[in-house]
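A short write-up of the structure that comes next.
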Amino acid sequence: MARTVGFFTDTTLCIGCKACEVACKEWNQLPGHAPAFGDGYDNTGRLDEQNWRYVQFHERTTAKGGVAWNMMSDVCKHCAMASCMEVCPTNAIIRTEFDTVYIQPSVCNGCRDCIAPVRITSSASTRRAAWPQSARSATTACRPTCCRLRQGVPTESIKFGDLSTMREVAGARLNQLRGQGMSEARLYGDKEYGGLHALFLLTDAPEAYGLPNAENAVLPSRNNVRSYLGSLVTAAIGIVGAVFAFRERGGKE
Amino acid sequence: MYIVWYFFLGGIAGGAYALGAILRLMGDQRDAPVSRLAFLLTLPVLAICPILLTLDLGRPLRFWHMLIDSRTFGLNFKYWSPMSVGAWVLIIFSLFAFVSFLEAWGSLRGRGLRS
């Protein structure tokens, strides 16, 4: 393990300009989809094989009854315990020497099993898996372009570096905001899925950003015992039912 | 949306084989024709399933990556991943279905020669 890198996305500095989305597409040579508006100002839609950064516009009602945005530039979280990596039946999803999660385009066969179990809504790495021809590493040796000043984020809302440094920067920023009276400010990504490698500074509950809380952010294998037992019990009931139904026939001839 | 046919046909194959096996193991002579029909039905219906599943992949020709690791060429099985388990179950079920089909086919021909 050479070093552990990570993102720190400070949503309090995000102005929703989407420059990070554009810079990411330029650097990674992603043509992108045609923009399409849904029921708000967002025209990206979701993280997928074309959108490795996705600026979300979460509307909230302010204390005065107005509407405000909680903006959040979403990205693959490179979880320490990654759901997509756990379920991948081809072992196409690996952990790199930078402790990031990477889908090997030459191994992935596009079964899309990694998309379903990820509770962090539409993680970029998982959507990328569906289309191996466009899969590339978002965070490897280079400094991702989405966090470069001028090209990426004019407000320096996204930072990239060693994960330990990112934790320090995030902690300092959290203390600063709390000191200024923002009691709702919180850091997201310390406990979820064994610790995310993309930290987020939020000003509301994770659910308000479409993120799972620490209680829900656990691996999909949490369902395995229950599901496999359910199958076994069903099979047992079937066998018992068959024995009961044929009890008077007395075996073959 | 052809992939829904996989669930339909896979359900028929699984249900037919389960009923056929129950009748075969616990029934008597009266149940033999139904059991034979079930085994004869299972294999052709089941044979369509992997074709549909393979076509649904982003890269169909790499379907074998599910079973064999494409880097180490060792067997690829993750009991904690239902997708991996499902791929193996399909292979193993197919072997059983094939043997049962041969037996049912043979008994059908044998009966035809006798009567």
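Going by the structure tokens order, chains are called A, B, ..., each with residues numbered from 1, while ligands are numbered from 1 in the order shown.
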- [ ] Tell me which protein, DNA and RNA residues are within 6 Å of Thr100 of chain A, counting only C-alpha atoms, leaving out same-chain ones fewer than 4 positions away, and put them as a PyMOL selection string.
- [x] chain A and resi 78+95-96
Task: Selection: 12 Å around segment 82-84 of chain B, only C-alpha atoms, excl. self and same-chain fewer than 5 positions, as a count of residues only - done: 34
- [ ] Find the residues in chain B near chain A: any atom within 12 Å counts, using only C-alpha atoms. Write them as a VMD selection string.
- [x] chain B and resid 14 to 15 18 to 32 53 to 88
TODO: DSSP on the backbone, then: every residue of chain B marked helix (DSSP H, G or I), written as number ranges by chain.
DONE: B: 4-26, 29-56, 60-66, 82-114
Task: Residues of segment 59-249 of chain A in strand (DSSP E or B), written as number ranges by chain - done: A: 59-61, 67-75, 93-95, 101-103, 158-162, 186-188, 198-202
Task: Shell of 12 Å around Leu95 of chain B, only C-alpha atoms, local chain residues under 5 positions omitted, as a ChimeraX atom specification - done: /B:42-43,46-47,88-90,100-102
Would you output that residue set with N, CA, C and O atoms, as an mmCIF file, in the first residue's frame?
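What landed in part_33.cif:
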```cif
data_model
loop_
_atom_site.group_PDB
_atom_site.id
_atom_site.type_symbol
_atom_site.label_atom_id
_atom_site.label_comp_id
_atom_site.auth_asym_id
_atom_site.auth_seq_id
_atom_site.Cartn_x
_atom_site.Cartn_y
_atom_site.Cartn_z
ATOM 1 N N THR B 42 -37.921 -30.125 -18.214
ATOM 2 C CA THR B 42 -36.935 -29.298 -17.506
ATOM 3 C C THR B 42 -35.767 -28.886 -18.388
ATOM 4 O O THR B 42 -35.444 -27.700 -18.481
ATOM 5 N N LEU B 43 -35.132 -29.848 -19.043
ATOM 6 C CA LEU B 43 -33.880 -29.541 -19.744
ATOM 7 C C LEU B 43 -34.051 -28.542 -20.889
ATOM 8 O O LEU B 43 -33.329 -27.543 -20.938
ATOM 9 N N LEU B 46 -34.773 -25.167 -19.428
ATOM 10 C CA LEU B 46 -33.608 -24.658 -18.699
ATOM 11 C C LEU B 46 -32.510 -24.214 -19.654
ATOM 12 O O LEU B 46 -31.766 -23.284 -19.368
ATOM 13 N N ALA B 47 -32.407 -24.873 -20.799
ATOM 14 C CA ALA B 47 -31.327 -24.572 -21.745
ATOM 15 C C ALA B 47 -31.423 -23.145 -22.279
ATOM 16 O O ALA B 47 -30.416 -22.545 -22.652
ATOM 17 N N TRP B 88 -23.327 -20.572 -10.397
ATOM 18 C CA TRP B 88 -22.922 -21.965 -10.131
ATOM 19 C C TRP B 88 -24.119 -22.874 -10.006
ATOM 20 O O TRP B 88 -24.085 -24.026 -10.456
ATOM 21 N N VAL B 89 -25.184 -22.363 -9.358
ATOM 22 C CA VAL B 89 -26.398 -23.173 -9.207
ATOM 23 C C VAL B 89 -26.934 -23.554 -10.578
ATOM 24 O O VAL B 89 -27.367 -24.689 -10.808
ATOM 25 N N LEU B 90 -26.877 -22.623 -11.512
ATOM 26 C CA LEU B 90 -27.378 -22.887 -12.868
ATOM 27 C C LEU B 90 -26.592 -24.026 -13.518
ATOM 28 O O LEU B 90 -27.163 -24.905 -14.166
ATOM 29 N N SER B 100 -31.306 -36.483 -15.536
ATOM 30 C CA SER B 100 -32.717 -36.856 -15.397
ATOM 31 C C SER B 100 -33.408 -36.913 -16.753
ATOM 32 O O SER B 100 -34.246 -37.780 -17.007
ATOM 33 N N PHE B 101 -33.021 -35.980 -17.631
ATOM 34 C CA PHE B 101 -33.609 -35.956 -18.975
ATOM 35 C C PHE B 101 -33.262 -37.236 -19.733
ATOM 36 O O PHE B 101 -34.124 -37.867 -20.353
ATOM 37 N N LEU B 102 -31.976 -37.637 -19.660
ATOM 38 C CA LEU B 102 -31.541 -38.856 -20.340
ATOM 39 C C LEU B 102 -32.305 -40.069 -19.828
ATOM 40 O O LEU B 102 -32.775 -40.902 -20.605
#
```
Open item on the list: I'd like the contact shell of Phe37 of chain A - 12 Å cut-off, only C-alpha atoms, skipping same-chain residues fewer than 6 positions apart - returned as JSON, numbers by chain.
Closed with: {"A": [43, 44, 45, 46, 57]}
For the selection just defined, write its residues with N, CA and C atoms to a file, as a compact mmCIF listing (two decimals), in the first residue's frame.
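Just written: out02.txt:
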```txt
# COMPACT_ATOMS: atom_id res chain seq x y z
N ASN A 43 -29.79 19.00 -14.00
CA ASN A 43 -29.93 18.41 -15.33
C ASN A 43 -28.89 17.33 -15.60
N THR A 44 -28.27 16.81 -14.53
CA THR A 44 -27.32 15.71 -14.70
C THR A 44 -28.01 14.37 -14.50
N GLY A 45 -28.84 14.28 -13.45
CA GLY A 45 -29.62 13.07 -13.23
C GLY A 45 -29.06 12.14 -12.19
N ARG A 46 -27.85 11.62 -12.45
CA ARG A 46 -27.27 10.67 -11.51
C ARG A 46 -25.81 10.41 -11.88
N PHE A 57 -28.71 18.99 -6.34
CA PHE A 57 -29.41 20.17 -5.82
C PHE A 57 -30.52 19.69 -4.90
```
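If you count only C-alpha atoms and ignore residues fewer than 6 places along the chain from Leu9 of chain B, what sits within 9 Å of it is Val45, Leu46, Ile48 and Cys49 of chain B.
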Any chance you could export the current selection's N, CA, C and O atoms as an mmCIF file, in the first residue's frame?
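Writing the result to again-v4.cif gives the following:
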```cif
data_model
loop_
_atom_site.group_PDB
_atom_site.id
_atom_site.type_symbol
_atom_site.label_atom_id
_atom_site.label_comp_id
_atom_site.auth_asym_id
_atom_site.auth_seq_id
_atom_site.Cartn_x
_atom_site.Cartn_y
_atom_site.Cartn_z
ATOM 1 N N VAL B 45 -36.340 -26.308 -21.394
ATOM 2 C CA VAL B 45 -36.708 -24.993 -20.859
ATOM 3 C C VAL B 45 -35.509 -24.354 -20.178
ATOM 4 O O VAL B 45 -35.226 -23.169 -20.343
ATOM 5 N N LEU B 46 -34.773 -25.167 -19.428
ATOM 6 C CA LEU B 46 -33.608 -24.658 -18.699
ATOM 7 C C LEU B 46 -32.510 -24.214 -19.654
ATOM 8 O O LEU B 46 -31.766 -23.284 -19.368
ATOM 9 N N ILE B 48 -32.641 -22.590 -22.300
ATOM 10 C CA ILE B 48 -32.813 -21.230 -22.821
ATOM 11 C C ILE B 48 -32.297 -20.195 -21.818
ATOM 12 O O ILE B 48 -31.826 -19.128 -22.205
ATOM 13 N N CYS B 49 -32.345 -20.534 -20.525
ATOM 14 C CA CYS B 49 -32.028 -19.558 -19.469
ATOM 15 C C CYS B 49 -30.632 -18.951 -19.593
ATOM 16 O O CYS B 49 -30.495 -17.722 -19.597
#
```
Task: For Gly6 of chain A: contacts at 10 Å, only C-alpha atoms, fewer than 3 positions along chain excluded, given as a list in words - done: Arg3, Thr9, Lys77, His78, Phe98, Asp99, Thr100, Thr139, Lys159, Phe160, Gly161, Asp162, Leu163, Ser164, Thr165, Met166, Arg167, Leu196, His197, Ala198 and Leu199 of chain A
Can I get the selection written as an mmCIF file, in the first residue's frame, with C-alpha atoms?
```
data_model
loop_
_atom_site.group_PDB
_atom_site.id
_atom_site.type_symbol
_atom_site.label_atom_id
_atom_site.label_comp_id
_atom_site.auth_asym_id
_atom_site.auth_seq_id
_atom_site.Cartn_x
_atom_site.Cartn_y
_atom_site.Cartn_z
ATOM 1 C CA ARG A 3 -0.572 5.662 0.255
ATOM 2 C CA THR A 9 -15.983 17.746 -0.455
ATOM 3 C CA LYS A 77 -16.880 7.034 -2.115
ATOM 4 C CA HIS A 78 -14.103 4.402 -2.477
ATOM 5 C CA PHE A 98 -3.798 4.020 -3.472
ATOM 6 C CA ASP A 99 -6.551 2.276 -1.489
ATOM 7 C CA THR A 100 -9.162 3.313 -4.044
ATOM 8 C CA THR A 139 -8.447 8.630 -8.575
ATOM 9 C CA LYS A 159 -9.998 18.869 -2.021
ATOM 10 C CA PHE A 160 -7.841 15.854 -2.808
ATOM 11 C CA GLY A 161 -4.832 14.346 -1.088
ATOM 12 C CA ASP A 162 -3.726 11.810 1.501
ATOM 13 C CA LEU A 163 -6.752 10.618 3.422
ATOM 14 C CA SER A 164 -5.163 11.504 6.768
ATOM 15 C CA THR A 165 -4.559 15.060 5.544
ATOM 16 C CA MET A 166 -8.136 15.241 4.295
ATOM 17 C CA ARG A 167 -9.381 14.149 7.724
ATOM 18 C CA LEU A 196 -15.256 6.346 3.154
ATOM 19 C CA HIS A 197 -12.345 7.678 1.124
ATOM 20 C CA ALA A 198 -14.491 10.585 0.008
ATOM 21 C CA LEU A 199 -15.434 12.704 2.995
#
```
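Residue nearest Ala68 of chain A, chosen from A:Val22, A:Ser83, A:Ile15, A:Leu47 and counting only C-alpha atoms: A:Ile15.
Distance-wise, atom CA of Ala217 of chain A and atom CA of Ala172 of chain A end up 24.9 Å apart.
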